[in-house]
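Okay, so here's the structure we're looking at.
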Amino acid sequence: MNLIDQCWRKNPKWWTQRQHLASCSVGYAGKMTNNVGGDVIQYKVTDPSDNPVNPNPGTLRYGVTHLSGKVWITFQKGMRIKLEKPLIVSSFTTIDGRGANVHIAGGAGLLLKKVTNVIIHGLVIHHIRPHTPGAVMGPGKKMETMDRIDGDAIRLVTSSKVWIDHNTLFECEDGLIDVTRGSTGITISNNWFRNHNKVMLLGHDDGFLRDKEMKVTVVFNHFGPNCKQRMPRVRHGYAHVVNNLYQGWGLYAIGGSMNPSVKSEANLFIAPNSGNKEVTWRKNNGRGMVSNFQSVRDVFENGACFSETSDGDGGIKPNYNHEQYFQVADARTLRSLTRFSGALKCRGKSRC
């Protein structure tokens with residue numbers, strides 16, 4: 001097991017000690033212990049239906065809109081939820097899909113807008129579609145008028161301290177994870193991304209300068225098969241891309257524009273059998289491709305190669321504090337350390 005999973009999966013009583021998960025995160029999200037302690041509301045989803053304006057008790061939307069404070073959401077059983085409008089998640093919310101086979105599919109995705117201290121864990125999110133403008137209930141039972149929404153699985157807007165762990169994401173209309181508009185302090189770990197074109201976008205657009213402060217850790221994920229690009233694509237900010245397994249790519253694996261800093265550390269890159277063997281892509285911003293890309297202890301197979309634009313550490317160390325720091329594993333162990341990426345198949349009260 002990788003170090004995140006070692007923290008909780010070895011515990012045979014994880015079922016009754018779910019909130020221990022909050023102490024297992026690493027990277028820029030830090031420990032998620034603000035989500036536990038004190039009066040945590042434990043809410044169980046029993047109803048897979050969705051009403052974006054007047055959600056019924058027992059539904060997922062009711063849990064994220066009607067309850068205030070620290071909320072830990074679990075699921076009574078496996079279910080398929082078709083969200084009629086984007087699910088606007090509130091601060092200090094944990095959505096914990098362990099022990100159930102929970103699919104969010106065929107409708108809208110998750111939106112984290114101006115929130116903090118959020119954990120998204122153990123969901124299967126796929127076939128998310130764009131949605132036209134309309135009314136939707138948000139946190140605190142407040143009605144909001146949504147603009148048109150692209151078909152993103154999980155979109156972060158001006159949010160911080162978010163941990164996205166052990167989800168399976170594929171075949172959505174737009175991106176699988178977007179981190180935008182000044183979002184920072186994000187850890188994306190242990191997810192399985194497959195069968196998708198534009199996988200992960202970090203940074204809103206070339207003109208949004210607030211994203212220079214963005215810091216994201218991408219760790220222990222499995223990319224592929226059939227992922228084409230953006231694993232991730234980074235604008236302006238900093239990404240520590242570490243201990244991930246790349247099972248091929250189409251256009252590229254890691255890309256960037258607007259002079260981001262990317263430290264690629266101890267990843268395993270397995271190039272596709274045909275086509276582009278180059279891991280990286282950088283957009284020429286008119287002043288030359290000056291993005292700071294560094295490869296440290298990466299392993300390259302099947303002809304994969306990485307074009308660096310940095311010497312030594314190049315001033316792009318992650319500089320983690322004691323709650324964010326973790327020991328980086330040898331890239332040669334990643335087939336084992338990422339083999340349980342994605343939503344875990346926990347059955348009842350058994351081990352995950």
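Labels used: A, B, ... for chains in the order of the structure tokens, numbers from 1 for residues in each chain, and numbers from 1 for ligands as shown.
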**OP:** List the neighbours of His66 (chain A) out to 12 Å using only C-alpha atoms; skip same-chain residues closer than 2 positions along the sequence, and give me the result as number ranges by chain.
**Re:** A: 41, 43, 53-64, 68-71, 88-90, 93, 137-143
Can you write out as CSV which residues of region 155-214 of chain A fall within 12 Å of region 13-27 of chain A, alongside each residue's closest atom pair and its distance in Å to one decimal, counting only C-alpha atoms and ordering rows by chain and ascending residue number?
```
residue,atom,partner,partner_atom,distance
A:Lys161,CA,A:Gly27,CA,10.2
A:Val162,CA,A:Ser25,CA,10.0
A:Trp163,CA,A:Ser25,CA,7.3
A:Ile164,CA,A:Ser25,CA,9.6
A:Asp165,CA,A:Ser25,CA,8.7
A:His166,CA,A:Ser25,CA,11.5
A:Thr184,CA,A:Gly27,CA,11.5
A:Gly185,CA,A:Gly27,CA,8.2
A:Ile186,CA,A:Gly27,CA,7.6
A:Thr187,CA,A:Gly27,CA,5.7
A:Ile188,CA,A:Gly27,CA,8.7
A:Ser189,CA,A:Ser25,CA,8.7
A:Asn190,CA,A:Ser25,CA,10.8
```
Write the residues of the preceding selection, restricted to N, CA and C atoms, as an mmCIF file, in the first residue's frame.
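To be explicit, this is the file written out as out.cif:
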```
data_model
loop_
_atom_site.group_PDB
_atom_site.id
_atom_site.type_symbol
_atom_site.label_atom_id
_atom_site.label_comp_id
_atom_site.auth_asym_id
_atom_site.auth_seq_id
_atom_site.Cartn_x
_atom_site.Cartn_y
_atom_site.Cartn_z
ATOM 1 N N LYS A 161 -7.966 24.035 0.202
ATOM 2 C CA LYS A 161 -7.903 22.895 1.126
ATOM 3 C C LYS A 161 -8.955 21.843 0.739
ATOM 4 N N VAL A 162 -8.717 21.242 -0.409
ATOM 5 C CA VAL A 162 -9.614 20.224 -0.962
ATOM 6 C C VAL A 162 -8.804 18.968 -1.240
ATOM 7 N N TRP A 163 -9.341 17.822 -0.820
ATOM 8 C CA TRP A 163 -8.694 16.520 -1.048
ATOM 9 C C TRP A 163 -9.631 15.654 -1.869
ATOM 10 N N ILE A 164 -9.170 15.240 -3.055
ATOM 11 C CA ILE A 164 -9.937 14.377 -3.965
ATOM 12 C C ILE A 164 -9.191 13.055 -4.056
ATOM 13 N N ASP A 165 -9.767 11.988 -3.479
ATOM 14 C CA ASP A 165 -9.015 10.748 -3.271
ATOM 15 C C ASP A 165 -9.858 9.529 -3.628
ATOM 16 N N HIS A 166 -9.241 8.559 -4.290
ATOM 17 C CA HIS A 166 -9.828 7.241 -4.580
ATOM 18 C C HIS A 166 -11.161 7.327 -5.312
ATOM 19 N N THR A 184 -6.448 26.810 -4.544
ATOM 20 C CA THR A 184 -5.106 26.402 -4.141
ATOM 21 C C THR A 184 -5.192 25.514 -2.908
ATOM 22 N N GLY A 185 -4.066 24.862 -2.580
ATOM 23 C CA GLY A 185 -4.052 23.938 -1.448
ATOM 24 C C GLY A 185 -4.840 22.681 -1.756
ATOM 25 N N ILE A 186 -4.553 22.064 -2.894
ATOM 26 C CA ILE A 186 -5.342 20.936 -3.406
ATOM 27 C C ILE A 186 -4.464 19.687 -3.486
ATOM 28 N N THR A 187 -4.996 18.551 -3.051
ATOM 29 C CA THR A 187 -4.354 17.251 -3.262
ATOM 30 C C THR A 187 -5.289 16.352 -4.049
ATOM 31 N N ILE A 188 -4.777 15.800 -5.144
ATOM 32 C CA ILE A 188 -5.529 14.881 -6.004
ATOM 33 C C ILE A 188 -4.762 13.566 -5.980
ATOM 34 N N SER A 189 -5.323 12.539 -5.334
ATOM 35 C CA SER A 189 -4.559 11.325 -5.043
ATOM 36 C C SER A 189 -5.374 10.059 -5.256
ATOM 37 N N ASN A 190 -4.686 8.995 -5.638
ATOM 38 C CA ASN A 190 -5.264 7.643 -5.687
ATOM 39 C C ASN A 190 -6.475 7.525 -6.610
#
```
Original post:
Of the candidates A:His222, A:Lys114, A:Lys198, A:Arg181, which shows the shortest atom-to-atom distance to Asp152 (chain A), using only C-alpha atoms?
Top reply: A:Lys198
**OP:** Could you give me, as a PyMOL selection string, the residues within 6 Å of Tyr252 (chain A), counting only C-alpha atoms and dropping anything in the same chain fewer than 6 positions from it?
**Re:** chain A and resi 229+279-280
**OP:** From a DSSP calculation on the backbone, collect every residue of region 42-226 of chain A in alpha helix (DSSP H) and output the set as an MDAnalysis selection string.
**Re:** chainID A and resid 60:65
Export N, CA and C atoms of the chosen residues as a PDB file, in the first residue's frame?
```
ATOM      1  N   LEU A  60     -28.496  13.044  -1.726  1.00  0.00           N
ATOM      2  CA  LEU A  60     -27.168  13.644  -1.613  1.00  0.00           C
ATOM      3  C   LEU A  60     -27.264  15.167  -1.605  1.00  0.00           C
ATOM      4  N   ARG A  61     -28.103  15.730  -2.448  1.00  0.00           N
ATOM      5  CA  ARG A  61     -28.210  17.192  -2.511  1.00  0.00           C
ATOM      6  C   ARG A  61     -28.741  17.774  -1.204  1.00  0.00           C
ATOM      7  N   TYR A  62     -29.656  17.077  -0.564  1.00  0.00           N
ATOM      8  CA  TYR A  62     -30.165  17.552   0.730  1.00  0.00           C
ATOM      9  C   TYR A  62     -29.015  17.642   1.740  1.00  0.00           C
ATOM     10  N   GLY A  63     -28.133  16.652   1.726  1.00  0.00           N
ATOM     11  CA  GLY A  63     -27.024  16.637   2.685  1.00  0.00           C
ATOM     12  C   GLY A  63     -26.061  17.788   2.518  1.00  0.00           C
ATOM     13  N   VAL A  64     -25.825  18.235   1.271  1.00  0.00           N
ATOM     14  CA  VAL A  64     -24.860  19.311   1.057  1.00  0.00           C
ATOM     15  C   VAL A  64     -25.497  20.696   1.091  1.00  0.00           C
ATOM     16  N   THR A  65     -26.835  20.766   1.138  1.00  0.00           N
ATOM     17  CA  THR A  65     -27.489  22.077   1.120  1.00  0.00           C
ATOM     18  C   THR A  65     -28.215  22.427   2.415  1.00  0.00           C
TER      19      THR A  65
END
```
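The spacing separating CA of Lys283 (chain A) from CA of Cys172 (chain A) amounts to 24.6 Å.
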Original post:
Skipping near chain neighbours, those fewer than 6 positions away, what residues fall within 12 Å of Phe300 (chain A) using only C-alpha atoms, listed as a list in words?
Top reply: Leu245, Tyr246, Gln247, Gly248, Glu265, Ala266, Asn267, Leu268, Phe269, Ile270, Ala271, Pro272, Lys277, Glu278, Val279, Phe306, Ala331 and Arg332 of chain A
For the residues in the current selection, export C-alpha atoms as a PDB file, in the first residue's frame.
```pdb
ATOM      1  CA  LEU A 245       1.544   5.796 -13.260  1.00  0.00           C
ATOM      2  CA  TYR A 246       0.969   6.860 -16.874  1.00  0.00           C
ATOM      3  CA  GLN A 247      -0.375   4.128 -19.121  1.00  0.00           C
ATOM      4  CA  GLY A 248       0.220   5.892 -22.416  1.00  0.00           C
ATOM      5  CA  GLU A 265       9.053  13.364  -9.470  1.00  0.00           C
ATOM      6  CA  ALA A 266       9.346   9.580  -9.424  1.00  0.00           C
ATOM      7  CA  ASN A 267       6.551   8.933 -11.913  1.00  0.00           C
ATOM      8  CA  LEU A 268       6.376   5.916 -14.209  1.00  0.00           C
ATOM      9  CA  PHE A 269       5.784   6.972 -17.820  1.00  0.00           C
ATOM     10  CA  ILE A 270       4.922   4.147 -20.215  1.00  0.00           C
ATOM     11  CA  ALA A 271       4.821   5.619 -23.723  1.00  0.00           C
ATOM     12  CA  PRO A 272       2.201   4.478 -26.231  1.00  0.00           C
ATOM     13  CA  LYS A 277       6.665   9.401 -27.037  1.00  0.00           C
ATOM     14  CA  GLU A 278       7.308  12.841 -25.526  1.00  0.00           C
ATOM     15  CA  VAL A 279       5.770  13.324 -22.072  1.00  0.00           C
ATOM     16  CA  PHE A 306      10.820  14.219 -21.042  1.00  0.00           C
ATOM     17  CA  ALA A 331       9.040   4.979  -9.295  1.00  0.00           C
ATOM     18  CA  ARG A 332       9.819   1.316  -9.924  1.00  0.00           C
TER      19      ARG A 332
END
```
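The space separating CA of Thr94 (chain A) from CA of Gly203 (chain A) comes to 24.0 Å.
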Subject >> Which of A:Ser261, A:Asn276, A:Thr46, A:Asn221 sits closest to Thr338 (chain A) [using only C-alpha atoms] >> reply: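 Using only C-alpha atoms, the shortest distance to Thr338 (chain A) belongs to A:Asn221.
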